[in-house]
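Participant: Input structure: data_26.pdb, which contains PDB, C-alpha atoms, pLDDT in the B column.
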ATOM      1  CA  MET A   1     198.102 -22.421-102.770  1.00 44.00           C
ATOM      2  CA  THR A   2     197.023 -25.955-103.658  1.00 47.00           C
ATOM      3  CA  THR A   3     193.399 -26.915-104.149  1.00 45.00           C
ATOM      4  CA  PRO A   4     192.180 -30.423-103.270  1.00 47.00           C
ATOM      5  CA  GLN A   5     191.532 -32.692-106.230  1.00 46.00           C
ATOM      6  CA  GLY A   6     187.867 -32.787-107.248  1.00 51.00           C
ATOM      7  CA  SER A   7     187.034 -29.763-105.098  1.00 67.00           C
ATOM      8  CA  ARG A   8     183.989 -28.760-107.124  1.00 71.00           C
ATOM      9  CA  GLU A   9     182.523 -26.728-104.290  1.00 71.00           C
ATOM     10  CA  PHE A  10     185.730 -24.755-103.930  1.00 65.00           C
ATOM     11  CA  ILE A  11     185.874 -23.951-107.648  1.00 65.00           C
ATOM     12  CA  GLU A  12     182.213 -22.994-107.766  1.00 67.00           C
ATOM     13  CA  GLU A  13     182.841 -20.649-104.857  1.00 69.00           C
ATOM     14  CA  GLN A  14     185.700 -18.937-106.721  1.00 63.00           C
ATOM     15  CA  ILE A  15     183.508 -18.505-109.809  1.00 67.00           C
ATOM     16  CA  ARG A  16     180.710 -17.071-107.673  1.00 67.00           C
ATOM     17  CA  ILE A  17     183.121 -14.601-106.075  1.00 65.00           C
ATOM     18  CA  LEU A  18     184.422 -13.527-109.479  1.00 57.00           C
ATOM     19  CA  ARG A  19     180.889 -12.954-110.773  1.00 59.00           C
ATOM     20  CA  GLU A  20     180.278 -10.627-107.855  1.00 63.00           C
ATOM     21  CA  ASN A  21     183.783  -9.142-107.850  1.00 60.00           C
ATOM     22  CA  PRO A  22     185.630  -9.655-111.176  1.00 57.00           C
ATOM     23  CA  GLY A  23     188.712  -7.949-109.743  1.00 61.00           C
ATOM     24  CA  CYS A  24     189.269 -10.443-106.896  1.00 65.00           C
ATOM     25  CA  ALA A  25     192.939 -11.362-107.342  1.00 75.00           C
ATOM     26  CA  ASN A  26     192.824 -14.253-104.864  1.00 74.00           C
ATOM     27  CA  SER A  27     190.015 -16.005-106.705  1.00 78.00           C
ATOM     28  CA  HIS A  28     191.747 -15.560-110.065  1.00 82.00           C
ATOM     29  CA  ASN A  29     194.871 -17.103-108.546  1.00 84.00           C
ATOM     30  CA  ASN A  30     192.922 -19.957-106.934  1.00 84.00           C
ATOM     31  CA  LEU A  31     191.261 -20.824-110.236  1.00 84.00           C
ATOM     32  CA  GLY A  32     194.644 -20.616-111.946  1.00 86.00           C
ATOM     33  CA  VAL A  33     196.116 -23.157-109.538  1.00 88.00           C
ATOM     34  CA  HIS A  34     193.186 -25.498-110.166  1.00 87.00           C
ATOM     35  CA  LEU A  35     193.661 -25.249-113.938  1.00 87.00           C
ATOM     36  CA  MET A  36     197.460 -25.510-113.714  1.00 92.00           C
ATOM     37  CA  GLU A  37     197.232 -28.737-111.723  1.00 90.00           C
ATOM     38  CA  ARG A  38     195.118 -30.190-114.517  1.00 88.00           C
ATOM     39  CA  GLY A  39     197.502 -29.135-117.281  1.00 91.00           C
ATOM     40  CA  ARG A  40     195.157 -26.480-118.674  1.00 90.00           C
ATOM     41  CA  TYR A  41     198.001 -24.034-118.982  1.00 95.00           C
ATOM     42  CA  ASP A  42     196.515 -21.453-121.363  1.00 94.00           C
ATOM     43  CA  GLU A  43     193.499 -20.933-119.112  1.00 90.00           C
ATOM     44  CA  ALA A  44     195.706 -20.922-116.019  1.00 92.00           C
ATOM     45  CA  ILE A  45     197.975 -18.254-117.530  1.00 94.00           C
ATOM     46  CA  GLU A  46     194.954 -16.029-118.146  1.00 92.00           C
ATOM     47  CA  CYS A  47     193.843 -16.456-114.516  1.00 90.00           C
ATOM     48  CA  PHE A  48     197.280 -15.674-113.118  1.00 92.00           C
ATOM     49  CA  GLU A  49     197.672 -12.638-115.362  1.00 91.00           C
ATOM     50  CA  ASN A  50     194.291 -11.373-114.166  1.00 88.00           C
ATOM     51  CA  ALA A  51     195.394 -11.935-110.568  1.00 88.00           C
ATOM     52  CA  ILE A  52     198.563  -9.897-111.154  1.00 88.00           C
ATOM     53  CA  LEU A  53     196.621  -7.196-112.993  1.00 86.00           C
ATOM     54  CA  ASN A  54     194.234  -6.794-110.074  1.00 80.00           C
ATOM     55  CA  SER A  55     196.837  -6.845-107.299  1.00 77.00           C
ATOM     56  CA  GLY A  56     200.328  -5.417-107.236  1.00 74.00           C
ATOM     57  CA  ARG A  57     201.242  -7.898-104.491  1.00 79.00           C
ATOM     58  CA  MET A  58     200.157 -11.171-106.134  1.00 85.00           C
ATOM     59  CA  PHE A  59     203.459 -12.953-105.578  1.00 89.00           C
ATOM     60  CA  GLU A  60     202.033 -16.485-105.860  1.00 88.00           C
ATOM     61  CA  ALA A  61     200.591 -15.814-109.300  1.00 91.00           C
ATOM     62  CA  CYS A  62     204.003 -14.654-110.582  1.00 93.00           C
ATOM     63  CA  VAL A  63     205.649 -17.805-109.240  1.00 91.00           C
ATOM     64  CA  ASN A  64     202.947 -19.986-110.801  1.00 93.00           C
ATOM     65  CA  LEU A  65     203.348 -18.248-114.150  1.00 95.00           C
ATOM     66  CA  GLY A  66     207.073 -18.934-114.037  1.00 95.00           C
ATOM     67  CA  TYR A  67     206.392 -22.622-113.401  1.00 94.00           C
ATOM     68  CA  ILE A  68     203.992 -22.873-116.349  1.00 96.00           C
ATOM     69  CA  TYR A  69     206.348 -21.084-118.724  1.00 97.00           C
ATOM     70  CA  PHE A  70     209.124 -23.453-117.628  1.00 95.00           C
ATOM     71  CA  LYS A  71     206.878 -26.425-118.439  1.00 94.00           C
ATOM     72  CA  LEU A  72     206.111 -24.846-121.824  1.00 96.00           C
ATOM     73  CA  GLY A  73     209.810 -24.192-122.520  1.00 95.00           C
ATOM     74  CA  ASP A  74     209.438 -20.412-122.796  1.00 97.00           C
ATOM     75  CA  LEU A  75     212.598 -19.436-120.936  1.00 97.00           C
ATOM     76  CA  GLU A  76     212.382 -15.694-121.552  1.00 97.00           C
ATOM     77  CA  LYS A  77     208.962 -15.655-119.907  1.00 96.00           C
ATOM     78  CA  VAL A  78     210.328 -17.760-117.025  1.00 96.00           C
ATOM     79  CA  VAL A  79     212.820 -14.951-116.406  1.00 97.00           C
ATOM     80  CA  ALA A  80     210.153 -12.250-116.722  1.00 96.00           C
ATOM     81  CA  ALA A  81     207.753 -13.971-114.321  1.00 96.00           C
ATOM     82  CA  ASN A  82     210.450 -14.487-111.694  1.00 96.00           C
ATOM     83  CA  LYS A  83     211.658 -10.902-112.058  1.00 96.00           C
ATOM     84  CA  LYS A  84     208.111  -9.780-111.345  1.00 93.00           C
ATOM     85  CA  ALA A  85     207.955 -12.066-108.301  1.00 94.00           C
ATOM     86  CA  LEU A  86     211.245 -10.580-107.058  1.00 96.00           C
ATOM     87  CA  GLN A  87     209.883  -7.057-107.379  1.00 94.00           C
ATOM     88  CA  ILE A  88     207.242  -8.102-104.849  1.00 93.00           C
ATOM     89  CA  GLU A  89     209.492 -10.269-102.666  1.00 94.00           C
ATOM     90  CA  PRO A  90     213.159  -9.326-103.183  1.00 95.00           C
ATOM     91  CA  ARG A  91     214.424 -12.065-100.850  1.00 94.00           C
ATOM     92  CA  TYR A  92     212.805 -14.898-102.843  1.00 94.00           C
ATOM     93  CA  ALA A  93     215.906 -17.046-103.362  1.00 96.00           C
ATOM     94  CA  ARG A  94     214.097 -19.562-105.542  1.00 94.00           C
ATOM     95  CA  GLY A  95     213.198 -16.766-107.974  1.00 95.00           C
ATOM     96  CA  TYR A  96     216.877 -15.988-108.547  1.00 97.00           C
ATOM     97  CA  ALA A  97     217.635 -19.699-108.862  1.00 96.00           C
ATOM     98  CA  ASN A  98     214.867 -20.115-111.448  1.00 95.00           C
ATOM     99  CA  MET A  99     216.193 -17.153-113.419  1.00 97.00           C
ATOM    100  CA  GLY A 100     219.713 -18.539-113.227  1.00 97.00           C
ATOM    101  CA  PHE A 101     218.611 -21.894-114.605  1.00 96.00           C
ATOM    102  CA  ALA A 102     216.694 -20.222-117.441  1.00 97.00           C
ATOM    103  CA  TYR A 103     219.679 -18.046-118.342  1.00 98.00           C
ATOM    104  CA  LEU A 104     221.902 -21.140-118.268  1.00 97.00           C
ATOM    105  CA  GLN A 105     219.598 -22.894-120.733  1.00 96.00           C
ATOM    106  CA  MET A 106     219.771 -19.806-122.977  1.00 97.00           C
ATOM    107  CA  SER A 107     223.620 -19.894-122.831  1.00 97.00           C
ATOM    108  CA  MET A 108     223.704 -16.526-121.034  1.00 98.00           C
ATOM    109  CA  ALA A 109     226.451 -17.512-118.608  1.00 98.00           C
ATOM    110  CA  ASP A 110     227.134 -14.098-117.049  1.00 98.00           C
ATOM    111  CA  GLU A 111     223.463 -13.503-116.298  1.00 98.00           C
ATOM    112  CA  ALA A 112     223.124 -17.041-114.954  1.00 98.00           C
ATOM    113  CA  ILE A 113     226.091 -16.608-112.609  1.00 98.00           C
ATOM    114  CA  GLU A 114     224.777 -13.294-111.290  1.00 98.00           C
ATOM    115  CA  ALA A 115     221.326 -14.733-110.585  1.00 98.00           C
ATOM    116  CA  LEU A 116     222.601 -17.975-109.067  1.00 98.00           C
ATOM    117  CA  GLU A 117     225.083 -16.196-106.805  1.00 98.00           C
ATOM    118  CA  LYS A 118     222.255 -13.981-105.564  1.00 98.00           C
ATOM    119  CA  ALA A 119     220.147 -17.079-104.853  1.00 97.00           C
ATOM    120  CA  ILE A 120     223.039 -18.581-102.884  1.00 98.00           C
ATOM    121  CA  GLU A 121     223.596 -15.334-101.005  1.00 98.00           C
ATOM    122  CA  LEU A 122     219.973 -15.524 -99.828  1.00 97.00           C
ATOM    123  CA  ASN A 123     220.008 -19.289 -99.244  1.00 97.00           C
ATOM    124  CA  PRO A 124     223.575 -20.639 -98.925  1.00 97.00           C
ATOM    125  CA  GLU A 125     222.430 -24.262 -98.835  1.00 95.00           C
ATOM    126  CA  MET A 126     220.335 -24.279-102.010  1.00 97.00           C
ATOM    127  CA  ALA A 127     222.044 -27.279-103.571  1.00 97.00           C
ATOM    128  CA  GLN A 128     220.374 -26.967-106.974  1.00 97.00           C
ATOM    129  CA  ALA A 129     221.609 -23.380-107.355  1.00 97.00           C
ATOM    130  CA  TRP A 130     225.178 -24.435-106.537  1.00 98.00           C
ATOM    131  CA  SER A 131     224.920 -27.295-109.040  1.00 97.00           C
ATOM    132  CA  ASN A 132     223.730 -24.966-111.784  1.00 97.00           C
ATOM    133  CA  LEU A 133     226.488 -22.528-110.853  1.00 98.00           C
ATOM    134  CA  ILE A 134     229.062 -25.222-111.659  1.00 98.00           C
ATOM    135  CA  ASN A 135     227.568 -25.527-115.135  1.00 97.00           C
ATOM    136  CA  ALA A 136     227.378 -21.758-115.585  1.00 98.00           C
ATOM    137  CA  TYR A 137     231.082 -21.368-114.855  1.00 98.00           C
ATOM    138  CA  LEU A 138     231.878 -24.265-117.193  1.00 97.00           C
ATOM    139  CA  GLN A 139     229.775 -22.577-119.866  1.00 97.00           C
ATOM    140  CA  LYS A 140     231.998 -19.527-119.392  1.00 96.00           C
ATOM    141  CA  ASP A 141     235.152 -21.702-119.535  1.00 97.00           C
ATOM    142  CA  ASP A 142     236.053 -20.754-115.959  1.00 98.00           C
ATOM    143  CA  VAL A 143     236.947 -24.247-114.793  1.00 98.00           C
ATOM    144  CA  GLU A 144     238.638 -23.084-111.596  1.00 98.00           C
ATOM    145  CA  LYS A 145     235.475 -21.319-110.407  1.00 98.00           C
ATOM    146  CA  ALA A 146     233.363 -24.315-111.431  1.00 98.00           C
ATOM    147  CA  ILE A 147     235.481 -26.625-109.289  1.00 98.00           C
ATOM    148  CA  GLU A 148     235.406 -24.165-106.395  1.00 98.00           C
ATOM    149  CA  ALA A 149     231.591 -24.068-106.513  1.00 98.00           C
ATOM    150  CA  GLY A 150     231.369 -27.842-106.800  1.00 98.00           C
ATOM    151  CA  GLU A 151     233.696 -28.483-103.867  1.00 98.00           C
ATOM    152  CA  LYS A 152     231.656 -26.128-101.677  1.00 98.00           C
ATOM    153  CA  LEU A 153     228.483 -27.923-102.730  1.00 98.00           C
ATOM    154  CA  VAL A 154     229.634 -31.469-101.970  1.00 97.00           C
ATOM    155  CA  GLN A 155     231.075 -30.299 -98.677  1.00 97.00           C
ATOM    156  CA  PHE A 156     227.646 -29.389 -97.284  1.00 97.00           C
ATOM    157  CA  ALA A 157     225.551 -31.737 -99.462  1.00 97.00           C
ATOM    158  CA  PRO A 158     227.645 -34.858-100.147  1.00 97.00           C
ATOM    159  CA  GLY A 159     224.499 -36.866-100.864  1.00 97.00           C
ATOM    160  CA  PHE A 160     223.346 -34.589-103.689  1.00 97.00           C
ATOM    161  CA  ALA A 161     224.013 -36.844-106.663  1.00 97.00           C
ATOM    162  CA  LEU A 162     223.678 -34.209-109.384  1.00 97.00           C
ATOM    163  CA  GLY A 163     226.268 -32.070-107.611  1.00 97.00           C
ATOM    164  CA  GLN A 164     228.712 -34.984-107.528  1.00 98.00           C
ATOM    165  CA  ASN A 165     228.133 -35.570-111.236  1.00 97.00           C
ATOM    166  CA  ASN A 166     228.634 -31.924-112.182  1.00 98.00           C
ATOM    167  CA  LEU A 167     231.769 -31.620-110.072  1.00 98.00           C
ATOM    168  CA  ALA A 168     233.069 -34.805-111.702  1.00 98.00           C
ATOM    169  CA  PHE A 169     232.662 -33.190-115.105  1.00 98.00           C
ATOM    170  CA  ALA A 170     234.452 -30.032-113.942  1.00 98.00           C
ATOM    171  CA  TYR A 171     237.366 -32.161-112.720  1.00 98.00           C
ATOM    172  CA  TYR A 172     237.354 -34.017-116.050  1.00 98.00           C
ATOM    173  CA  VAL A 173     237.556 -30.764-118.012  1.00 97.00           C
ATOM    174  CA  ASN A 174     240.470 -29.803-115.755  1.00 97.00           C
ATOM    175  CA  GLU A 175     242.124 -33.162-116.552  1.00 97.00           C
ATOM    176  CA  ASP A 176     241.984 -34.200-112.892  1.00 97.00           C
ATOM    177  CA  TYR A 177     240.777 -37.672-113.784  1.00 97.00           C
ATOM    178  CA  GLU A 178     241.298 -39.281-110.377  1.00 96.00           C
ATOM    179  CA  LYS A 179     238.972 -36.817-108.671  1.00 97.00           C
ATOM    180  CA  ALA A 180     236.523 -36.990-111.587  1.00 98.00           C
ATOM    181  CA  ILE A 181     236.287 -40.765-111.183  1.00 97.00           C
ATOM    182  CA  MET A 182     235.870 -40.456-107.433  1.00 97.00           C
ATOM    183  CA  CYS A 183     232.942 -38.035-107.825  1.00 98.00           C
ATOM    184  CA  VAL A 184     231.271 -39.861-110.683  1.00 98.00           C
ATOM    185  CA  ASP A 185     231.417 -43.124-108.728  1.00 97.00           C
ATOM    186  CA  ARG A 186     229.799 -41.354-105.782  1.00 98.00           C
ATOM    187  CA  ALA A 187     227.059 -40.086-108.096  1.00 98.00           C
ATOM    188  CA  LEU A 188     226.499 -43.636-109.331  1.00 98.00           C
ATOM    189  CA  GLU A 189     226.345 -44.927-105.745  1.00 98.00           C
ATOM    190  CA  LEU A 190     223.675 -42.336-105.047  1.00 97.00           C
ATOM    191  CA  GLY A 191     221.621 -43.633-107.963  1.00 97.00           C
ATOM    192  CA  PHE A 192     222.324 -40.878-110.476  1.00 97.00           C
ATOM    193  CA  GLY A 193     222.044 -41.795-114.160  1.00 96.00           C
ATOM    194  CA  VAL A 194     225.466 -40.632-115.343  1.00 96.00           C
ATOM    195  CA  HIS A 195     225.642 -40.108-119.097  1.00 97.00           C
ATOM    196  CA  PRO A 196     227.131 -43.272-120.688  1.00 97.00           C
ATOM    197  CA  GLN A 197     229.479 -41.200-122.873  1.00 97.00           C
ATOM    198  CA  PHE A 198     230.962 -39.550-119.792  1.00 97.00           C
ATOM    199  CA  LEU A 199     231.592 -42.934-118.192  1.00 97.00           C
ATOM    200  CA  GLU A 200     233.164 -44.119-121.431  1.00 97.00           C
ATOM    201  CA  ASN A 201     235.427 -41.059-121.523  1.00 97.00           C
ATOM    202  CA  LEU A 202     236.612 -41.770-117.987  1.00 97.00           C
ATOM    203  CA  ALA A 203     237.142 -45.514-118.508  1.00 96.00           C
ATOM    204  CA  PRO A 204     240.742 -45.240-119.849  1.00 95.00           C
ATOM    205  CA  TYR A 205     241.808 -43.387-116.694  1.00 95.00           C
ATOM    206  CA  ARG A 206     240.640 -46.036-114.258  1.00 92.00           C
ATOM    207  CA  SER A 207     243.279 -48.211-112.601  1.00 78.00           C
ATOM    208  CA  LYS A 208     243.510 -51.644-114.114  1.00 54.00           C
TER
END
Would you write out, as structure tokens, the structure that this file holds?

Facilitator:
Amino acid sequence: MTTPQGSREFIEEQIRILRENPGCANSHNNLGVHLMERGRYDEAIECFENAILNSGRMFEACVNLGYIYFKLGDLEKVVAANKKALQIEPRYARGYANMGFAYLQMSMADEAIEALEKAIELNPEMAQAWSNLINAYLQKDDVEKAIEAGEKLVQFAPGFALGQNNLAFAYYVNEDYEKAIMCVDRALELGFGVHPQFLENLAPYRSK
């Protein structure tokens, strides 16, 4: 849920409800969203935790907690919050994708692959999950699987610049420089900021 900016009346209403009914999960969540949007993360976390405490079905609060912990760089808590969301809504593809990304950042490649593949099973066209899956397989040194994931991604989302970039790197690792150059040039055409070192590494393999 998103609250309008400057919605003083709305916030006052939530506070009034909580005075009368301190266990109102919806109002705790609504206040949490208001605080989260203003960067008051510690207060927002407390509101979302109260929402979850007072309702076993407070899916939104779990998702919001995961977002805040991601912003704060606490990846283990990102995983925990999304796991809790998935207990409530097992078909929440984004929850698996979020967990996969967090695991990837923690260099837990097997866990990342499992979570990302589940996200893709639930939403086969989630481009970001496919892109992270490329990196997860590369992290595990399974270049063949990384390329396979990347080729599937660019087949259905050729305009997804990050996917082109990640597939280019997988081709590069596999010493398929022609295809790497083709993909990296596509990423550049799409406006992606390719790492200068990667472009420098590819430069000797370009036709003169």

Participant: Could you list the residues chosen by the PyMOL selection byres ((chain A and resi 151-156) around 12) in this structure as a short mmCIF file (atom, residue, chain, number, x, y, z; two decimals) with C-alpha atoms, in the coordinates of the input?

Facilitator:
data_model
loop_
_atom_site.label_atom_id
_atom_site.label_comp_id
_atom_site.auth_asym_id
_atom_site.auth_seq_id
_atom_site.Cartn_x
_atom_site.Cartn_y
_atom_site.Cartn_z
CA ILE A 120 223.04 -18.58 -102.88
CA PRO A 124 223.58 -20.64 -98.92
CA GLU A 125 222.43 -24.26 -98.84
CA MET A 126 220.34 -24.28 -102.01
CA ALA A 127 222.04 -27.28 -103.57
CA GLN A 128 220.37 -26.97 -106.97
CA ALA A 129 221.61 -23.38 -107.36
CA TRP A 130 225.18 -24.44 -106.54
CA SER A 131 224.92 -27.30 -109.04
CA ASN A 132 223.73 -24.97 -111.78
CA LEU A 133 226.49 -22.53 -110.85
CA ILE A 134 229.06 -25.22 -111.66
CA GLU A 144 238.64 -23.08 -111.60
CA LYS A 145 235.48 -21.32 -110.41
CA ALA A 146 233.36 -24.32 -111.43
CA ILE A 147 235.48 -26.62 -109.29
CA GLU A 148 235.41 -24.16 -106.40
CA ALA A 149 231.59 -24.07 -106.51
CA GLY A 150 231.37 -27.84 -106.80
CA ALA A 157 225.55 -31.74 -99.46
CA PRO A 158 227.64 -34.86 -100.15
CA GLY A 159 224.50 -36.87 -100.86
CA PHE A 160 223.35 -34.59 -103.69
CA ALA A 161 224.01 -36.84 -106.66
CA LEU A 162 223.68 -34.21 -109.38
CA GLY A 163 226.27 -32.07 -107.61
CA GLN A 164 228.71 -34.98 -107.53
CA ASN A 165 228.13 -35.57 -111.24
CA ASN A 166 228.63 -31.92 -112.18
CA LEU A 167 231.77 -31.62 -110.07
CA ALA A 168 233.07 -34.80 -111.70
CA ALA A 170 234.45 -30.03 -113.94
CA TYR A 171 237.37 -32.16 -112.72
CA LYS A 179 238.97 -36.82 -108.67
CA ALA A 180 236.52 -36.99 -111.59
CA CYS A 183 232.94 -38.03 -107.82
CA ARG A 186 229.80 -41.35 -105.78
CA ALA A 187 227.06 -40.09 -108.10
#

Participant: Run through the PyMOL selection byres ((chain A and resi 122) around 12) on the given coordinates and return the selected residues as a VMD selection string.

Facilitator: chain A and resid 90 to 97 115 to 121 123 to 126 129

Participant: For the residues in that selection, give me C-alpha atoms as a short mmCIF file (atom, residue, chain, number, x, y, z; two decimals), in the frame of the given file.

Facilitator:
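Output file part11.cif is given in full below:
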data_model
loop_
_atom_site.label_atom_id
_atom_site.label_comp_id
_atom_site.auth_asym_id
_atom_site.auth_seq_id
_atom_site.Cartn_x
_atom_site.Cartn_y
_atom_site.Cartn_z
CA PRO A 90 213.16 -9.33 -103.18
CA ARG A 91 214.42 -12.06 -100.85
CA TYR A 92 212.80 -14.90 -102.84
CA ALA A 93 215.91 -17.05 -103.36
CA ARG A 94 214.10 -19.56 -105.54
CA GLY A 95 213.20 -16.77 -107.97
CA TYR A 96 216.88 -15.99 -108.55
CA ALA A 97 217.64 -19.70 -108.86
CA ALA A 115 221.33 -14.73 -110.58
CA LEU A 116 222.60 -17.98 -109.07
CA GLU A 117 225.08 -16.20 -106.80
CA LYS A 118 222.26 -13.98 -105.56
CA ALA A 119 220.15 -17.08 -104.85
CA ILE A 120 223.04 -18.58 -102.88
CA GLU A 121 223.60 -15.33 -101.00
CA ASN A 123 220.01 -19.29 -99.24
CA PRO A 124 223.58 -20.64 -98.92
CA GLU A 125 222.43 -24.26 -98.84
CA MET A 126 220.34 -24.28 -102.01
CA ALA A 129 221.61 -23.38 -107.36
#

Participant: Using all atoms listed in the file for the distances, tell me which of A:Ala136, A:Met106, A:Ile181, A:Ile113 is nearest to A:Leu199.

Facilitator: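 Checking each of A:Ala136, A:Met106, A:Ile181, A:Ile113 against A:Leu199, counting all atoms listed in the file, the winner is A:Ile181.
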
Participant: Quick check, in Å to one decimal: how far apart do atom CA of A:Ala85 and atom CA of A:Tyr137 lie?

Facilitator: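 Atom-to-atom, atom CA of A:Ala85 and atom CA of A:Tyr137 are spaced 25.8 Å apart.
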
Participant: Just need the box for stretch 69-83 of chain A, edges along x, y and z, holding every atom the file lists for it with 3 Å tacked onto each side, so centre and edge lengths in Å to one decimal, as lines of an AutoDock Vina configuration file.

Facilitator:
center_x = 209.5
center_y = -18.7
center_z = -117.2
size_x = 12.7
size_y = 21.5
size_z = 17.1

Participant: Report as a list of chain:residue names the full result of the PyMOL selection byres ((chain A and resi 108) around 12) when it is applied to this structure.

Facilitator: A:Leu75, A:Glu76, A:Val79, A:Met99, A:Gly100, A:Phe101, A:Ala102, A:Tyr103, A:Leu104, A:Gln105, A:Met106, A:Ser107, A:Ala109, A:Asp110, A:Glu111, A:Ala112, A:Ile113, A:Glu114, A:Ala115, A:Asn135, A:Ala136, A:Tyr137, A:Leu138, A:Gln139, A:Lys140

Participant: For a cut-off of 12 Å around (193.9, -14.7, -118.3), file coordinates, pick out all residues using all atoms listed in the file and list them as a PyMOL selection string.

Facilitator: chain A and resi 25+28-29+31-32+35+40-54+61+65

Participant: For atom CA of A:Leu86 and atom CA of A:Gly39, determine how far apart the two atoms are, in Å to one decimal place.

Facilitator: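 Value for the atom CA of A:Leu86-atom CA of A:Gly39 distance: 25.3 Å.
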
Participant: Any idea what the distance is between atom CA of A:Phe192 and atom CA of A:Tyr67?

Facilitator: 24.4 Å

Participant: Name the closest residue to A:Glu37 among the candidates A:Met182, A:Ile68, A:Val173, A:Ala80; distances are taken between atoms, counting only C-alpha atoms.

Facilitator: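 Using only C-alpha atoms, the shortest distance to A:Glu37 belongs to A:Ile68.
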